[in-house]
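Asker: If it helps, the file is called structure_15.cif and holds mmCIF, C-alpha atoms:
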data_entry
#
loop_
_atom_site.label_atom_id
_atom_site.label_comp_id
_atom_site.auth_asym_id
_atom_site.auth_seq_id
_atom_site.Cartn_x
_atom_site.Cartn_y
_atom_site.Cartn_z
CA THR A 1 -22.36 25.66 58.13
CA LEU A 2 -25.81 27.15 58.25
CA GLU A 3 -26.81 25.18 55.14
CA GLN A 4 -25.73 21.89 56.67
CA ALA A 5 -27.54 22.70 59.91
CA GLY A 6 -30.68 23.48 57.93
CA LEU A 7 -30.45 20.20 56.00
CA ARG A 8 -30.00 18.24 59.22
CA HIS A 9 -33.02 19.94 60.76
CA PHE A 10 -35.08 19.28 57.62
CA LYS A 11 -34.01 15.66 57.64
CA ASP A 12 -34.91 15.15 61.31
CA GLU A 13 -38.20 17.02 61.30
CA ILE A 14 -39.63 16.31 57.84
CA TYR A 15 -37.67 13.82 55.74
CA MET A 16 -37.64 11.03 58.34
CA ASN A 17 -41.41 11.31 58.73
CA VAL A 18 -42.33 11.27 55.03
CA LYS A 19 -39.60 9.22 53.37
CA ASP A 20 -41.47 5.89 53.41
CA ASN A 21 -44.60 7.33 51.84
CA THR A 22 -42.52 9.34 49.38
CA THR A 23 -40.53 6.27 48.36
CA ASN A 24 -43.73 4.28 47.79
CA SER A 25 -45.14 7.13 45.70
CA ILE A 26 -42.00 7.33 43.55
CA ILE A 27 -42.00 3.55 43.00
CA SER A 28 -45.69 3.72 42.02
CA LEU A 29 -44.91 6.44 39.50
CA ILE A 30 -42.01 4.43 38.06
CA ASP A 31 -44.22 1.34 37.75
CA GLU A 32 -46.81 3.47 35.94
CA GLU A 33 -44.13 4.62 33.52
CA ARG A 34 -43.07 1.02 32.97
CA GLU A 35 -46.65 0.29 32.00
CA GLY A 36 -46.57 3.03 29.38
CA GLU A 37 -48.07 5.92 31.35
CA ILE A 38 -46.70 9.47 31.10
CA ILE A 39 -45.31 10.78 34.40
CA ASP A 40 -43.74 14.06 35.51
CA LYS A 41 -40.08 13.09 35.23
CA THR A 42 -38.88 16.50 36.38
CA LEU A 43 -40.84 16.18 39.61
CA VAL A 44 -39.45 12.68 40.19
CA LYS A 45 -35.91 13.87 39.48
CA ASN A 46 -36.24 16.80 41.92
CA ILE A 47 -37.50 14.54 44.71
CA ILE A 48 -34.74 11.99 44.07
CA GLU A 49 -32.15 14.77 44.30
CA LEU A 50 -33.52 15.45 47.77
CA TYR A 51 -32.72 11.87 48.78
CA GLU A 52 -29.16 12.48 47.57
CA GLN A 53 -28.89 15.68 49.60
CA MET A 54 -30.09 13.95 52.75
CA GLY A 55 -26.89 11.87 52.71
CA MET A 56 -24.91 14.98 53.72
CA GLY A 57 -22.14 14.23 51.23
CA SER A 58 -22.76 10.50 50.81
CA LEU A 59 -25.38 8.43 49.00
CA ASP A 60 -26.41 6.54 52.14
CA SER A 61 -29.92 8.02 52.32
CA TYR A 62 -30.49 7.55 48.60
CA THR A 63 -29.19 3.98 48.70
CA ASN A 64 -31.03 2.83 51.82
CA ASP A 65 -34.25 4.80 51.59
CA LEU A 66 -34.94 4.76 47.85
CA GLU A 67 -32.59 2.59 45.81
CA GLN A 68 -32.99 -0.68 47.74
CA PRO A 69 -36.81 -0.48 47.90
CA LEU A 70 -36.82 0.40 44.19
CA LEU A 71 -34.63 -2.62 43.36
CA ASP A 72 -36.95 -4.88 45.38
CA ALA A 73 -39.99 -3.43 43.62
CA THR A 74 -38.28 -3.79 40.25
CA ARG A 75 -37.63 -7.47 40.92
CA ALA A 76 -41.29 -7.99 41.82
CA PHE A 77 -42.49 -6.00 38.76
CA TYR A 78 -40.38 -7.95 36.25
CA GLY A 79 -41.10 -11.22 38.02
CA ARG A 80 -44.78 -10.65 37.21
CA LYS A 81 -43.94 -9.61 33.66
CA ARG A 82 -41.76 -12.69 33.18
CA GLU A 83 -44.56 -15.06 34.16
CA ASP A 84 -47.00 -13.27 31.87
CA TRP A 85 -44.66 -13.10 28.87
CA ILE A 86 -43.34 -16.65 29.13
CA ALA A 87 -46.90 -18.01 29.19
CA ARG A 88 -48.16 -15.99 26.22
CA ASP A 89 -45.23 -15.16 23.94
CA SER A 90 -42.98 -17.01 21.54
CA THR A 91 -39.27 -16.83 22.30
CA PRO A 92 -38.64 -14.08 19.68
CA ASP A 93 -41.55 -11.97 20.97
CA TYR A 94 -40.42 -12.45 24.57
CA LEU A 95 -36.88 -11.38 23.74
CA ILE A 96 -38.11 -8.28 21.90
CA LYS A 97 -39.93 -7.26 25.10
CA ALA A 98 -36.89 -8.08 27.23
CA GLU A 99 -34.62 -6.01 24.99
CA LYS A 100 -37.05 -3.08 25.14
CA ALA A 101 -37.29 -3.30 28.95
CA LEU A 102 -33.51 -3.21 29.36
CA VAL A 103 -33.21 -0.17 27.08
CA GLU A 104 -35.98 1.64 28.98
CA GLU A 105 -34.42 0.92 32.38
CA LYS A 106 -31.13 2.40 31.20
CA GLU A 107 -32.98 5.49 29.93
CA ARG A 108 -34.80 5.70 33.26
CA VAL A 109 -31.50 5.99 35.11
CA GLY A 110 -30.41 8.73 32.73
CA ALA A 111 -33.67 10.62 33.23
CA TYR A 112 -33.93 10.80 37.02
CA LEU A 113 -32.02 8.15 38.99
CA ASN A 114 -28.45 8.31 40.26
CA THR A 115 -25.98 6.77 37.80
CA ALA A 116 -24.71 4.41 40.54
CA THR A 117 -28.07 2.63 40.35
CA GLU A 118 -27.68 1.60 36.69
CA PRO A 119 -25.58 -1.60 37.09
CA LYS A 120 -27.69 -2.75 40.06
CA LEU A 121 -30.95 -2.13 38.23
CA ARG A 122 -29.64 -3.83 35.10
CA SER A 123 -28.56 -6.87 37.10
CA VAL A 124 -31.99 -7.24 38.71
CA VAL A 125 -33.82 -6.99 35.39
CA GLU A 126 -31.44 -9.39 33.63
CA ASP A 127 -31.85 -11.90 36.43
CA GLU A 128 -35.63 -11.73 36.41
CA ILE A 129 -36.39 -11.74 32.68
CA LEU A 130 -33.38 -13.60 31.25
CA GLN A 131 -31.51 -15.74 33.76
CA LYS A 132 -34.54 -17.33 35.40
CA VAL A 133 -36.12 -18.45 32.13
CA GLN A 134 -33.09 -18.94 29.89
CA MET A 135 -33.57 -22.65 29.27
CA ASN A 136 -37.34 -22.20 28.85
CA LEU A 137 -36.67 -19.66 26.11
CA LEU A 138 -33.91 -21.68 24.43
CA GLU A 139 -35.97 -24.88 24.37
CA LYS A 140 -39.47 -23.42 23.89
CA GLU A 141 -41.53 -25.64 21.61
CA GLY A 142 -42.09 -24.08 18.21
CA SER A 143 -39.85 -21.04 18.75
CA GLY A 144 -36.71 -22.02 20.67
CA CYS A 145 -33.12 -21.75 19.47
CA GLY A 146 -33.21 -24.92 17.35
CA VAL A 147 -36.38 -23.79 15.56
CA LEU A 148 -34.85 -20.38 14.85
CA LEU A 149 -31.77 -22.08 13.39
CA ALA A 150 -33.90 -24.39 11.24
CA ASN A 151 -35.79 -21.41 9.83
CA ASP A 152 -32.74 -19.14 9.38
CA LYS A 153 -34.17 -16.45 11.70
CA THR A 154 -31.00 -14.35 11.75
CA ALA A 155 -32.36 -11.25 13.50
CA ASP A 156 -33.99 -13.31 16.27
CA LEU A 157 -30.82 -15.35 16.79
CA GLN A 158 -28.71 -12.19 16.92
CA ARG A 159 -31.03 -10.74 19.57
CA MET A 160 -30.88 -13.99 21.55
CA PHE A 161 -27.07 -13.99 21.34
CA SER A 162 -26.87 -10.33 22.39
CA LEU A 163 -29.17 -10.73 25.39
CA PHE A 164 -27.74 -13.99 26.72
CA SER A 165 -24.20 -12.61 26.35
CA ARG A 166 -25.14 -10.30 29.24
CA LEU A 167 -25.35 -13.28 31.61
CA GLU A 168 -22.46 -15.06 33.28
CA ASN A 169 -21.95 -18.24 31.23
CA GLY A 170 -25.10 -17.25 29.37
CA LEU A 171 -23.87 -18.32 25.94
CA GLN A 172 -22.80 -21.88 26.73
CA PRO A 173 -26.32 -23.36 26.74
CA MET A 174 -27.03 -21.64 23.42
CA ALA A 175 -23.76 -22.88 21.91
CA ASP A 176 -24.63 -26.43 23.04
CA ILE A 177 -27.94 -26.24 21.15
CA VAL A 178 -26.16 -24.87 18.05
CA GLU A 179 -23.68 -27.77 18.18
CA LYS A 180 -26.46 -30.33 18.53
CA PHE A 181 -28.42 -28.74 15.68
CA ILE A 182 -25.49 -28.63 13.23
CA THR A 183 -24.62 -32.23 14.09
CA SER A 184 -28.20 -33.28 13.30
CA GLN A 185 -28.02 -31.51 9.95
CA GLY A 186 -24.79 -33.34 9.12
CA ASN A 187 -26.29 -36.65 10.21
CA ALA A 188 -29.16 -35.99 7.80
CA CYS A 189 -26.63 -35.75 4.94
CA THR A 190 -25.08 -39.05 6.02
CA GLU A 191 -28.52 -40.69 6.32
CA LYS A 192 -29.35 -39.65 2.74
CA ARG A 193 -26.16 -41.35 1.53
CA GLN A 194 -27.04 -44.46 3.54
CA ALA A 195 -30.58 -44.46 2.08
CA ARG A 196 -29.20 -44.33 -1.47
CA LEU A 197 -26.94 -47.29 -0.75
CA ASP A 198 -29.78 -49.20 0.90
CA SER A 199 -31.95 -48.62 -2.18
CA GLY A 200 -29.41 -50.43 -4.32
CA GLN A 201 -27.14 -47.65 -5.57
CA LYS A 202 -23.66 -49.02 -6.25
CA ASP A 203 -21.20 -48.15 -3.50
CA LYS A 204 -18.08 -46.55 -4.96
CA ASN A 205 -15.38 -44.16 -3.86
CA ASP A 206 -16.96 -41.31 -5.82
CA ASP A 207 -19.97 -39.55 -4.24
CA PRO A 208 -19.72 -35.85 -5.18
CA ASP A 209 -23.28 -35.07 -4.09
CA PHE A 210 -22.54 -36.24 -0.55
CA VAL A 211 -19.25 -34.35 -0.32
CA LYS A 212 -20.88 -31.21 -1.75
CA SER A 213 -23.66 -31.47 0.85
CA LEU A 214 -21.03 -31.47 3.64
CA ILE A 215 -19.17 -28.57 2.03
CA ASP A 216 -22.39 -26.55 1.68
CA LEU A 217 -23.41 -27.33 5.26
CA HIS A 218 -20.05 -26.20 6.63
CA GLU A 219 -20.05 -23.08 4.48
CA LYS A 220 -23.55 -22.14 5.66
CA TYR A 221 -22.87 -22.49 9.39
CA LEU A 222 -19.42 -20.97 9.14
CA GLY A 223 -21.29 -17.89 7.89
CA VAL A 224 -23.87 -18.14 10.67
CA ILE A 225 -21.16 -18.34 13.34
CA ARG A 226 -19.38 -15.35 11.81
CA GLU A 227 -22.34 -13.09 11.08
CA THR A 228 -24.96 -14.07 13.65
CA PHE A 229 -22.76 -15.00 16.61
CA SER A 230 -19.87 -12.58 15.97
CA SER A 231 -17.36 -15.45 15.61
CA HIS A 232 -17.59 -16.00 19.37
CA HIS A 233 -15.19 -18.72 20.49
CA LEU A 234 -17.94 -20.89 22.03
CA PHE A 235 -19.78 -21.04 18.72
CA GLN A 236 -16.59 -21.66 16.75
CA LYS A 237 -15.97 -24.58 19.09
CA ALA A 238 -19.56 -25.79 18.55
CA LEU A 239 -19.00 -25.80 14.78
CA LYS A 240 -15.69 -27.64 15.16
CA ASN A 241 -17.13 -30.26 17.51
CA SER A 242 -20.13 -30.93 15.29
CA PHE A 243 -18.06 -31.35 12.13
CA GLU A 244 -15.59 -33.64 13.85
CA VAL A 245 -18.56 -35.94 14.42
CA ILE A 246 -20.07 -35.45 10.95
CA VAL A 247 -16.90 -35.87 8.86
CA ASN A 248 -15.77 -38.98 10.71
CA ASN A 249 -19.13 -40.74 10.46
CA ASP A 250 -18.45 -43.19 7.62
CA VAL A 251 -21.18 -45.22 5.92
CA GLY A 252 -20.73 -47.81 3.21
CA THR A 253 -17.50 -49.45 2.09
CA PHE A 254 -15.54 -46.27 1.44
CA SER A 255 -14.49 -43.83 4.13
CA ASN A 256 -15.26 -40.13 3.98
CA ALA A 257 -11.51 -39.54 3.65
CA GLU A 258 -11.53 -41.49 0.37
CA LEU A 259 -14.72 -39.78 -0.85
CA MET A 260 -13.15 -36.38 -0.15
CA SER A 261 -9.90 -37.27 -1.91
CA THR A 262 -11.82 -38.55 -4.94
CA PHE A 263 -13.81 -35.31 -4.95
CA CYS A 264 -10.47 -33.45 -5.26
CA ASP A 265 -9.47 -35.84 -8.05
CA ARG A 266 -12.65 -34.95 -9.99
CA ILE A 267 -11.84 -31.26 -9.69
CA LEU A 268 -8.15 -31.51 -10.57
CA LYS A 269 -8.14 -33.96 -13.48
CA SER A 270 -8.99 -33.04 -17.04
CA GLY A 271 -12.41 -34.20 -18.10
CA GLY A 272 -13.68 -34.02 -14.51
CA GLU A 273 -15.74 -31.18 -13.03
CA LYS A 274 -16.24 -28.25 -15.40
CA LEU A 275 -15.19 -25.39 -13.16
CA SER A 276 -13.52 -22.01 -13.60
CA GLU A 277 -10.16 -21.32 -11.93
CA THR A 278 -11.94 -19.38 -9.18
CA GLU A 279 -14.43 -22.20 -8.61
CA VAL A 280 -11.61 -24.74 -8.46
CA GLU A 281 -9.80 -22.61 -5.87
CA GLN A 282 -12.96 -22.21 -3.78
CA SER A 283 -13.79 -25.92 -3.93
CA LEU A 284 -10.28 -26.90 -2.85
CA ASP A 285 -10.32 -24.38 0.00
CA ARG A 286 -13.58 -25.85 1.26
CA ILE A 287 -12.44 -29.45 1.01
CA VAL A 288 -9.31 -28.52 2.98
CA GLN A 289 -11.60 -27.08 5.69
CA LEU A 290 -13.39 -30.44 5.89
CA PHE A 291 -10.02 -32.25 5.87
CA SER A 292 -9.09 -30.37 9.07
CA PHE A 293 -11.85 -32.28 10.90
CA LEU A 294 -10.73 -35.75 9.75
CA THR A 295 -9.36 -38.00 12.45
CA ASP A 296 -7.42 -40.15 9.98
CA LYS A 297 -5.63 -37.46 7.98
CA ASP A 298 -2.93 -39.97 6.98
CA MET A 299 -5.46 -42.07 5.07
CA PHE A 300 -6.59 -39.03 3.08
CA ALA A 301 -2.98 -38.10 2.35
CA GLU A 302 -2.14 -41.62 1.14
CA ILE A 303 -5.16 -41.85 -1.15
CA TYR A 304 -4.55 -38.33 -2.42
CA ARG A 305 -0.90 -39.12 -3.25
CA ASN A 306 -1.94 -42.21 -5.24
CA GLN A 307 -4.57 -40.27 -7.19
CA LEU A 308 -2.12 -37.41 -7.82
CA ALA A 309 0.45 -39.88 -9.17
CA LYS A 310 -2.13 -41.34 -11.58
CA ARG A 311 -3.09 -37.87 -12.82
CA LEU A 312 0.53 -36.99 -13.48
CA LEU A 313 1.51 -40.35 -15.07
CA ASN A 314 -1.53 -40.34 -17.34
CA GLN A 315 -1.17 -36.64 -18.07
CA ARG A 316 -4.72 -36.09 -16.83
CA SER A 317 -3.97 -33.10 -14.60
CA ALA A 318 -6.09 -30.10 -15.66
CA SER A 319 -3.79 -27.48 -14.15
CA ASP A 320 -0.27 -27.59 -12.72
CA ASP A 321 -1.03 -24.41 -10.82
CA ALA A 322 -4.08 -25.96 -9.19
CA GLU A 323 -2.09 -29.06 -8.27
CA LYS A 324 0.64 -26.94 -6.66
CA ALA A 325 -1.95 -24.81 -4.86
CA MET A 326 -3.64 -27.88 -3.36
CA ILE A 327 -0.33 -29.35 -2.16
CA ALA A 328 0.55 -25.99 -0.60
CA LYS A 329 -2.71 -25.99 1.39
#
Here is a file; write its structure as structure tokens.
Answerer:
Amino acid sequence: TLEQAGLRHFKDEIYMNVKDNTTNSIISLIDEEREGEIIDKTLVKNIIELYEQMGMGSLDSYTNDLEQPLLDATRAFYGRKREDWIARDSTPDYLIKAEKALVEEKERVGAYLNTATEPKLRSVVEDEILQKVQMNLLEKEGSGCGVLLANDKTADLQRMFSLFSRLENGLQPMADIVEKFITSQGNACTEKRQARLDSGQKDKNDDPDFVKSLIDLHEKYLGVIRETFSSHHLFQKALKNSFEVIVNNDVGTFSNAELMSTFCDRILKSGGEKLSETEVEQSLDRIVQLFSFLTDKDMFAEIYRNQLAKRLLNQRSASDDAEKAMIAK
């Protein structure tokens, strides 16, 4: 058609002679916008539409003459930003900037680029500002993942989780740090028990403070996994792995299985813990969660049966309903 002939003539006589300079000018404008400058988006959009038209029904001209140079320039731009940010910023501050950049690049596509560019542009930016410095960010002294966990920085951890979930296998390194951190917190509980014994405290099969510390620790990080990490399977596994280490780390004469069973005995016998029915139910639910991590479940069951028999024979059971509920668990 006449229109197609005119486009071909325009492409041969004008477009081919100015495309390189035009592409460089567009990239310069985009970089200015990335730096916070105001640019004429309508002008940029109109010029980019011309690249699309020069494909004569395909996106070849747009892809080869504009998109690829833009992707290369984007990689260089965010490579410079990455080096600047990683040197100056804490991990939370860096990730706030990374999150903002990713949002702005998506908006940029919506404003004047072809929609086919969006996944390619996103991939370049994610690679430059997340993938290449992931371990630096996770392990950064004073602000890495472990520090955020220690200081209960929920919003920062959620942002970290959200951003690294964009990367292929991006969550595994984070889950590994979470597992190591929870294990260290559990070991601290065990070390406190060991310190009490070393200081001369009598070792007996009844240490409610220790068992409560494990229950509270599990309850806390069960909530963190659920609310901060969206119950993602890698973080559920991290919690499970850490507590399998913690719960089976016995110190003193009596095993954790016996300490846990005796804790149940305190709750279920009359004259023991002064708890409401709801508190009894909650405590038993939580001890059952710890029980699931025990390697030697048979030992717990044997000790529990003996203590149950004593409660029943001596008529010391506080509640038949509670006894039945525990057995049912």
Asker: Extract, using all atoms listed in the file, all DNA, RNA and protein residues at most 7 Å from stretch 75-80 of chain A, discarding same-chain residues fewer than 3 positions from it, and format them as a PyMOL selection string.
Answerer: chain A and resi 71-72+83-84+124-125+128-129
Asker: Pick the closest to A:Val251 from A:Tyr62, A:Trp85, A:Phe10, A:Phe210: which is it, counting all atoms listed in the file?
Answerer: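 Of the candidates, the smallest distance to A:Val251 is held by A:Phe210.
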Asker: May I ask which of the residues A:Ile303, A:Met56, A:Leu171, A:Val103 is the closest one to A:Thr1, counting all atoms listed in the file?
Answerer: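 Nearest to A:Thr1: A:Met56.
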Asker: Can you tell me, as number ranges by chain, which residues sit within 12 Å of (-44.9, -16.2, 26.4) in the file's frame, using all atoms listed in the file?
Answerer: A: 81-98, 129, 133, 136-137, 140-144
Asker: Quick one: of A:Phe300, A:Phe164, A:Phe235, A:Phe229, who's nearest to A:Lys180, counting all atoms listed in the file?
Answerer: A:Phe235
Asker: Have a look at A:Glu302, A:Glu126, A:Asp206, A:Glu219 and name the one nearest to A:Glu168; count only C-alpha atoms.
Answerer: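 That would be A:Glu126, the residue with the smallest distance to A:Glu168.
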Asker: Which residues fall under the PyMOL selection byres ((chain A and resi 114-118) around 10) in this file, as a PyMOL selection string?
Answerer: chain A and resi 45+48-49+52+59+62-63+67-68+70-71+105-113+119-123
